[in-house]
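J.: A single structure is presented below for examination.
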Amino acid sequence: MTQIGFIGLGNMGLPMALNLVKAGHEVLGLDLSPSQTKALVDAGGKAAADLAMIATCPVIISMLPAGKHVREVYLGENGLIAHAAPDTLLIDSSTIDVETARAVSENATKAGLKMIDAPVSGGVAGAQAGTLTFMVGGNETAFDAAQPYLSIMGAKIIHAGDPGNGQAAKLCNNMLLAISMIGVSEAFSLARRLGLPDQKFFDIANTSSGQCWSLSSYCPVPGPVPSSPANRDYQPGFAVDMMLKDLKLAKEAIEATATDAKLGIHAFDIYSKLSADGQGGRDFSAIFPMIEKEK
Ligand code: NAD
């Protein structure tokens with residue numbers, strides 16, 4: 001049994017923390033929202049009064065909205081890096097920019113702490129089921145130390161390399177996902193106009209070179225894949241605004257590295273429009289009704 005500090009008990013963080021409780025660990029939780037902390041306490045966890053209490057734990061996990069929250073929690077005056085004991089293991093699973101992940105990790109290492117960036121894929125369902133994929137950046141020692149905890153919350157744990165590489169993998173994967181979802185939606189839209197029924201096009205593309213996850217597992221038109229959000233009026237799933245957040249990180253990285261990634265930028269523009277049209281809470285596959293000019 002390890003005492004684990006958990007900061008950020010939101011849609012993802014709470015079920016992740018609950019899996020650690022179920023596995024027999026003592027989880028000390030901290031969130032700005034008292035109802036989230038209460039949900040942890042009701043399930044056998046404990047509430048931390050502040051960051052100073054979290055800093056006493058030998059293992060600390062964070063699941064926060066964005067880079068600025070991560071900077072504040074780790075690098076702030078009352079932050080974890082200034083107060084955690086040497087050798088404490090820090091795991092940040094938030095999806096944030098690579099630069100912040102590398103800056104926080106460098107400070108942690110200088111302070112004698114072990115740190116990994118470990119963003120996840122798999123959504124709320126994966127967090128609940130303990131089947132997340134973790135993409136990890138950090139040195140071998142920190143990666144090995146984190147394995148027992150990550151394996152409770154996830155099914156796949158991939159070491160992507162040095163600090164920040166977990167975040168790099170996450171934003172490149174999600175940029176690719178956005179582009180493929182737009183591509184699949186455009187193909188269905190064109191197929192309809194050419195007189196090809198949705199199911200017929202699906203059956204052919206799904207066994208041809210157009211096959212990809214956005215088509216075969218998450219088809220954006222209703223019908224061919226009954227479990228996809230298209231069959232429940234595009235209830236998320238993975239919301240447009242969450243995809244937009246990741247595409248913004250990708251866009252910033254594209255610009256910072258002068259990468260010639262025009263489709264990545266275009267995907268950001270397309271999802272920005274969908275969000276501006278009031279569709280931010282719908283599933284990211286709602287790109288299809290946007291193209292079809294449906295409601
Ligand atoms: P969320 O908004 O539901 O949860 C974030 C929680 O952090 C909130 O409860 C908030 O009160 C808390 N918080 C913010 N600042 C804090 C602080 N200073 N101290 C303590 N608590 C603080 O978000 P989420 O959906 O759980 O996502 C968390 C992270 O996981 C994000 O970076 C997101 O991009 C990433 N992610 C989400 C999904 C998903 O499907 N929801 C999938 C993969 C990755």
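Residue numbering restarts at 1 for every chain of the structure tokens, chains are lettered A, B, ... in their displayed order, and ligands are numbered from 1 as they appear.
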Can you pull out every residue from range 4-239 of chain A that DSSP, working from the backbone, puts in helix (DSSP H, G or I), and format the result as a PyMOL selection string?

T.: chain A and resi 13-22+34-42+51-54+67-75+80-83+98-110+123-129+140-153+165-193+198-205+213-216+229-232

J.: Within 12 Å of Leu80 in chain A, counting only C-alpha atoms, which residues qualify if same-chain residues fewer than 4 places away don't, as a ChimeraX atom specification?

T.: /A:5-7,50-62,70-76,84-86,88-92,104-105,107-108,111,113,115

J.: Those selected residues, please, written with N, CA and C atoms and delivered as an mmCIF file, in the first residue's frame.

T.:
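Output (result17.cif):
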data_model
loop_
_atom_site.group_PDB
_atom_site.id
_atom_site.type_symbol
_atom_site.label_atom_id
_atom_site.label_comp_id
_atom_site.auth_asym_id
_atom_site.auth_seq_id
_atom_site.Cartn_x
_atom_site.Cartn_y
_atom_site.Cartn_z
ATOM 1 N N GLY A 5 -0.809 10.941 -3.636
ATOM 2 C CA GLY A 5 -1.505 12.234 -3.731
ATOM 3 C C GLY A 5 -2.062 12.363 -5.139
ATOM 4 N N PHE A 6 -3.327 12.762 -5.266
ATOM 5 C CA PHE A 6 -3.948 12.868 -6.595
ATOM 6 C C PHE A 6 -4.575 14.246 -6.739
ATOM 7 N N ILE A 7 -4.076 15.019 -7.696
ATOM 8 C CA ILE A 7 -4.579 16.388 -7.898
ATOM 9 C C ILE A 7 -5.355 16.464 -9.203
ATOM 10 N N ASP A 50 -4.659 20.887 1.210
ATOM 11 C CA ASP A 50 -3.917 21.776 0.302
ATOM 12 C C ASP A 50 -2.742 21.027 -0.352
ATOM 13 N N LEU A 51 -2.012 21.765 -1.178
ATOM 14 C CA LEU A 51 -0.872 21.166 -1.880
ATOM 15 C C LEU A 51 0.210 20.674 -0.916
ATOM 16 N N ALA A 52 0.351 21.390 0.215
ATOM 17 C CA ALA A 52 1.387 21.000 1.184
ATOM 18 C C ALA A 52 1.139 19.570 1.670
ATOM 19 N N MET A 53 -0.123 19.214 1.865
ATOM 20 C CA MET A 53 -0.447 17.838 2.308
ATOM 21 C C MET A 53 -0.121 16.833 1.213
ATOM 22 N N ILE A 54 -0.448 17.220 -0.033
ATOM 23 C CA ILE A 54 -0.147 16.326 -1.166
ATOM 24 C C ILE A 54 1.367 16.107 -1.260
ATOM 25 N N ALA A 55 2.128 17.169 -0.974
ATOM 26 C CA ALA A 55 3.594 17.099 -1.120
ATOM 27 C C ALA A 55 4.237 16.104 -0.161
ATOM 28 N N THR A 56 3.500 15.650 0.856
ATOM 29 C CA THR A 56 4.082 14.673 1.800
ATOM 30 C C THR A 56 3.998 13.238 1.256
ATOM 31 N N CYS A 57 3.257 13.044 0.159
ATOM 32 C CA CYS A 57 3.079 11.675 -0.382
ATOM 33 C C CYS A 57 4.303 11.253 -1.205
ATOM 34 N N PRO A 58 4.691 9.978 -1.144
ATOM 35 C CA PRO A 58 5.841 9.522 -1.950
ATOM 36 C C PRO A 58 5.534 9.416 -3.451
ATOM 37 N N VAL A 59 4.239 9.305 -3.782
ATOM 38 C CA VAL A 59 3.823 9.260 -5.196
ATOM 39 C C VAL A 59 2.732 10.307 -5.398
ATOM 40 N N ILE A 60 2.887 11.128 -6.432
ATOM 41 C CA ILE A 60 1.901 12.190 -6.695
ATOM 42 C C ILE A 60 1.498 12.137 -8.168
ATOM 43 N N ILE A 61 0.187 12.131 -8.403
ATOM 44 C CA ILE A 61 -0.338 12.075 -9.783
ATOM 45 C C ILE A 61 -1.202 13.321 -10.007
ATOM 46 N N SER A 62 -1.099 13.927 -11.182
ATOM 47 C CA SER A 62 -1.971 15.065 -11.499
ATOM 48 C C SER A 62 -2.712 14.805 -12.800
ATOM 49 N N VAL A 70 -0.775 23.025 -14.578
ATOM 50 C CA VAL A 70 0.349 22.150 -14.245
ATOM 51 C C VAL A 70 1.530 22.993 -13.740
ATOM 52 N N ARG A 71 1.799 24.113 -14.400
ATOM 53 C CA ARG A 71 2.882 25.005 -13.943
ATOM 54 C C ARG A 71 2.618 25.486 -12.519
ATOM 55 N N GLU A 72 1.366 25.913 -12.292
ATOM 56 C CA GLU A 72 0.997 26.455 -10.976
ATOM 57 C C GLU A 72 1.187 25.399 -9.871
ATOM 58 N N VAL A 73 0.702 24.188 -10.142
ATOM 59 C CA VAL A 73 0.736 23.142 -9.123
ATOM 60 C C VAL A 73 2.172 22.660 -8.861
ATOM 61 N N TYR A 74 2.995 22.576 -9.903
ATOM 62 C CA TYR A 74 4.351 22.047 -9.719
ATOM 63 C C TYR A 74 5.388 23.137 -9.457
ATOM 64 N N LEU A 75 5.264 24.275 -10.182
ATOM 65 C CA LEU A 75 6.357 25.266 -10.120
ATOM 66 C C LEU A 75 6.013 26.487 -9.271
ATOM 67 N N GLY A 76 4.762 26.608 -8.840
ATOM 68 C CA GLY A 76 4.357 27.781 -8.061
ATOM 69 C C GLY A 76 5.093 27.854 -6.729
ATOM 70 N N ALA A 84 8.150 18.841 -2.124
ATOM 71 C CA ALA A 84 8.164 17.371 -2.049
ATOM 72 C C ALA A 84 9.538 16.891 -1.555
ATOM 73 N N ALA A 85 9.535 15.739 -0.849
ATOM 74 C CA ALA A 85 10.796 15.164 -0.351
ATOM 75 C C ALA A 85 11.585 14.587 -1.519
ATOM 76 N N PRO A 86 12.941 14.568 -1.400
ATOM 77 C CA PRO A 86 13.742 13.985 -2.466
ATOM 78 C C PRO A 86 13.275 12.571 -2.790
ATOM 79 N N THR A 88 10.674 11.700 -4.420
ATOM 80 C CA THR A 88 9.231 11.578 -4.665
ATOM 81 C C THR A 88 9.008 11.343 -6.160
ATOM 82 N N LEU A 89 8.009 10.485 -6.468
ATOM 83 C CA LEU A 89 7.672 10.204 -7.875
ATOM 84 C C LEU A 89 6.508 11.092 -8.297
ATOM 85 N N LEU A 90 6.712 11.867 -9.359
ATOM 86 C CA LEU A 90 5.677 12.767 -9.877
ATOM 87 C C LEU A 90 5.206 12.256 -11.238
ATOM 88 N N ILE A 91 3.886 12.101 -11.389
ATOM 89 C CA ILE A 91 3.311 11.626 -12.659
ATOM 90 C C ILE A 91 2.283 12.649 -13.114
ATOM 91 N N ASP A 92 2.570 13.344 -14.198
ATOM 92 C CA ASP A 92 1.548 14.269 -14.724
ATOM 93 C C ASP A 92 0.875 13.620 -15.928
ATOM 94 N N VAL A 104 8.825 21.548 -16.482
ATOM 95 C CA VAL A 104 8.482 21.019 -15.154
ATOM 96 C C VAL A 104 9.396 19.837 -14.822
ATOM 97 N N SER A 105 9.604 18.969 -15.793
ATOM 98 C CA SER A 105 10.450 17.797 -15.567
ATOM 99 C C SER A 105 11.894 18.206 -15.211
ATOM 100 N N ASN A 107 12.915 20.979 -13.792
ATOM 101 C CA ASN A 107 12.927 21.495 -12.417
ATOM 102 C C ASN A 107 12.830 20.371 -11.396
ATOM 103 N N ALA A 108 11.991 19.371 -11.704
ATOM 104 C CA ALA A 108 11.818 18.244 -10.785
ATOM 105 C C ALA A 108 13.139 17.478 -10.646
ATOM 106 N N ALA A 111 15.621 19.146 -8.526
ATOM 107 C CA ALA A 111 15.264 19.087 -7.099
ATOM 108 C C ALA A 111 15.394 17.668 -6.539
ATOM 109 N N LEU A 113 13.872 14.905 -7.683
ATOM 110 C CA LEU A 113 12.613 14.158 -7.765
ATOM 111 C C LEU A 113 12.579 13.351 -9.054
ATOM 112 N N MET A 115 10.317 12.263 -12.275
ATOM 113 C CA MET A 115 9.097 12.763 -12.922
ATOM 114 C C MET A 115 8.881 12.156 -14.304
#

J.: Using only C-alpha atoms and all ligand atoms, which residues of the polymer chains come no farther than 6 Å from ligand 1? I'd like the answer as an MDAnalysis selection string.

T.: chainID A and resid 7:13 30:33 63:66 69 73 94:95 120:121 123:124 238

J.: Limited to C-alpha atoms, could you put the picked residues into a file as an mmCIF file, in the first residue's frame?

T.:
data_model
loop_
_atom_site.group_PDB
_atom_site.id
_atom_site.type_symbol
_atom_site.label_atom_id
_atom_site.label_comp_id
_atom_site.auth_asym_id
_atom_site.auth_seq_id
_atom_site.Cartn_x
_atom_site.Cartn_y
_atom_site.Cartn_z
ATOM 1 C CA ILE A 7 -4.579 16.388 -7.898
ATOM 2 C CA GLY A 8 -7.442 17.030 -10.328
ATOM 3 C CA LEU A 9 -10.418 14.731 -9.668
ATOM 4 C CA GLY A 10 -12.423 15.638 -12.789
ATOM 5 C CA ASN A 11 -14.031 13.449 -15.446
ATOM 6 C CA MET A 12 -10.783 11.534 -15.909
ATOM 7 C CA GLY A 13 -8.951 12.013 -12.604
ATOM 8 C CA LEU A 30 -7.212 17.504 -4.043
ATOM 9 C CA ASP A 31 -9.596 19.356 -6.356
ATOM 10 C CA LEU A 32 -10.944 22.902 -6.552
ATOM 11 C CA SER A 33 -14.450 21.429 -6.550
ATOM 12 C CA MET A 63 -4.803 15.148 -14.052
ATOM 13 C CA LEU A 64 -5.371 18.848 -14.727
ATOM 14 C CA PRO A 65 -7.015 20.807 -17.557
ATOM 15 C CA ALA A 66 -4.020 22.575 -19.164
ATOM 16 C CA HIS A 69 -2.574 24.565 -14.083
ATOM 17 C CA VAL A 73 0.736 23.142 -9.123
ATOM 18 C CA SER A 94 -2.764 15.958 -18.059
ATOM 19 C CA THR A 95 -2.626 16.716 -21.795
ATOM 20 C CA VAL A 120 -3.530 9.159 -21.765
ATOM 21 C CA SER A 121 -5.772 7.952 -24.533
ATOM 22 C CA GLY A 123 -11.358 8.690 -22.531
ATOM 23 C CA VAL A 124 -13.645 8.499 -19.518
ATOM 24 C CA PHE A 238 -14.667 12.808 -27.161
#

J.: Can you work out the spacing between CA of Thr109 in chain A and CA of His83 in chain A in Å, to one decimal?

T.: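 Here the two named atoms are 13.5 Å from each other.
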
J.: What lies within 9 Å of Asp97 in chain A using only C-alpha atoms, ignoring chain neighbours under 6 positions off, as number ranges by chain?

T.: A: 66-67, 164, 167-168, 171, 246, 249-250, 252-253

J.: Which residue is closest to Ile182 in chain A? Choose from A:Thr141, A:Ser285, A:Ser209, A:Ser228 and count only C-alpha atoms.

T.: A:Ser285

J.: Rounded to one decimal, what separation in Å do you get between CA of Glu292 in chain A and CA of Val221 in chain A?

T.: 10.5 Å

J.: From the set A:Lys293, A:Arg282, A:Lys22, A:Lys245, which residue has the shortest atom-to-atom contact distance to Phe268 in chain A, counting only C-alpha atoms?

T.: A:Lys245

J.: Which residues, written as a PyMOL selection string, have at least one atom at most 10 Å from Ile265 in chain A, with only C-alpha atoms counted and residues fewer than 5 positions away on the same chain left out?

T.: chain A and resi 175+179+247-248+250-252+254-255+260+270

J.: Write the residues of the preceding selection, restricted to all heavy atoms, as a compact mmCIF listing (two decimals), in the first residue's frame.

T.:
# COMPACT_ATOMS: atom_id res chain seq x y z
N MET A 175 -3.71 14.91 -33.60
CA MET A 175 -3.76 15.66 -34.87
C MET A 175 -4.10 14.69 -36.00
O MET A 175 -4.95 14.98 -36.86
CB MET A 175 -2.41 16.34 -35.13
CG MET A 175 -2.40 17.15 -36.42
SD MET A 175 -0.79 17.86 -36.79
CE MET A 175 0.00 16.48 -37.60
N ILE A 179 -7.48 14.71 -38.48
CA ILE A 179 -7.37 14.74 -39.94
C ILE A 179 -8.10 13.52 -40.54
O ILE A 179 -8.84 13.64 -41.53
CB ILE A 179 -5.88 14.76 -40.37
CG1 ILE A 179 -5.24 16.09 -39.97
CG2 ILE A 179 -5.74 14.52 -41.87
CD1 ILE A 179 -3.72 16.12 -40.10
N LEU A 247 -5.73 20.14 -30.74
CA LEU A 247 -5.29 20.69 -32.04
C LEU A 247 -4.59 22.03 -31.85
O LEU A 247 -3.70 22.38 -32.63
CB LEU A 247 -6.49 20.84 -32.98
CG LEU A 247 -7.01 19.52 -33.57
CD1 LEU A 247 -8.32 19.75 -34.30
CD2 LEU A 247 -5.97 18.90 -34.51
N LYS A 248 -5.00 22.77 -30.83
CA LYS A 248 -4.32 24.05 -30.55
C LYS A 248 -2.87 23.76 -30.11
O LYS A 248 -1.93 24.43 -30.54
CB LYS A 248 -5.09 24.80 -29.45
CG LYS A 248 -4.56 26.18 -29.17
CD LYS A 248 -5.57 26.96 -28.33
CE LYS A 248 -5.10 28.37 -28.05
NZ LYS A 248 -4.02 28.43 -27.07
N ALA A 250 -1.20 21.16 -30.97
CA ALA A 250 -0.50 20.70 -32.19
C ALA A 250 -0.12 21.90 -33.06
O ALA A 250 1.00 21.98 -33.56
CB ALA A 250 -1.38 19.72 -32.96
N LYS A 251 -1.05 22.84 -33.20
CA LYS A 251 -0.79 24.02 -34.04
C LYS A 251 0.39 24.82 -33.48
O LYS A 251 1.30 25.23 -34.23
CB LYS A 251 -2.05 24.89 -34.08
CG LYS A 251 -1.93 26.15 -34.92
CD LYS A 251 -3.28 26.86 -34.95
CE LYS A 251 -3.29 28.05 -35.87
NZ LYS A 251 -2.98 29.31 -35.23
N GLU A 252 0.40 25.01 -32.17
CA GLU A 252 1.51 25.75 -31.56
C GLU A 252 2.84 25.03 -31.79
O GLU A 252 3.87 25.66 -32.07
CB GLU A 252 1.25 25.93 -30.05
CG GLU A 252 0.17 26.98 -29.78
CD GLU A 252 -0.42 26.91 -28.38
OE1 GLU A 252 0.03 26.07 -27.57
OE2 GLU A 252 -1.35 27.69 -28.10
N ILE A 254 3.48 22.94 -34.28
CA ILE A 254 3.79 23.03 -35.72
C ILE A 254 4.50 24.36 -35.98
O ILE A 254 5.52 24.42 -36.68
CB ILE A 254 2.48 22.95 -36.55
CG1 ILE A 254 1.93 21.53 -36.54
CG2 ILE A 254 2.72 23.42 -38.00
CD1 ILE A 254 0.49 21.42 -37.07
N GLU A 255 3.95 25.44 -35.40
CA GLU A 255 4.54 26.77 -35.64
C GLU A 255 5.91 26.89 -34.98
O GLU A 255 6.86 27.39 -35.58
CB GLU A 255 3.57 27.85 -35.14
CG GLU A 255 2.38 27.98 -36.09
CD GLU A 255 1.17 28.69 -35.51
OE1 GLU A 255 1.20 29.09 -34.33
OE2 GLU A 255 0.17 28.85 -36.24
N ASP A 260 5.99 21.70 -41.85
CA ASP A 260 5.08 21.97 -42.96
C ASP A 260 3.87 21.03 -42.83
O ASP A 260 3.78 20.02 -43.52
CB ASP A 260 5.82 21.73 -44.28
CG ASP A 260 4.99 22.20 -45.47
OD1 ASP A 260 3.92 22.81 -45.26
OD2 ASP A 260 5.40 21.95 -46.62
N ILE A 270 -11.00 23.95 -38.94
CA ILE A 270 -12.31 23.30 -39.11
C ILE A 270 -12.96 23.05 -37.74
O ILE A 270 -14.15 23.34 -37.54
CB ILE A 270 -12.15 21.98 -39.92
CG1 ILE A 270 -11.83 22.33 -41.39
CG2 ILE A 270 -13.40 21.12 -39.83
CD1 ILE A 270 -11.46 21.14 -42.25
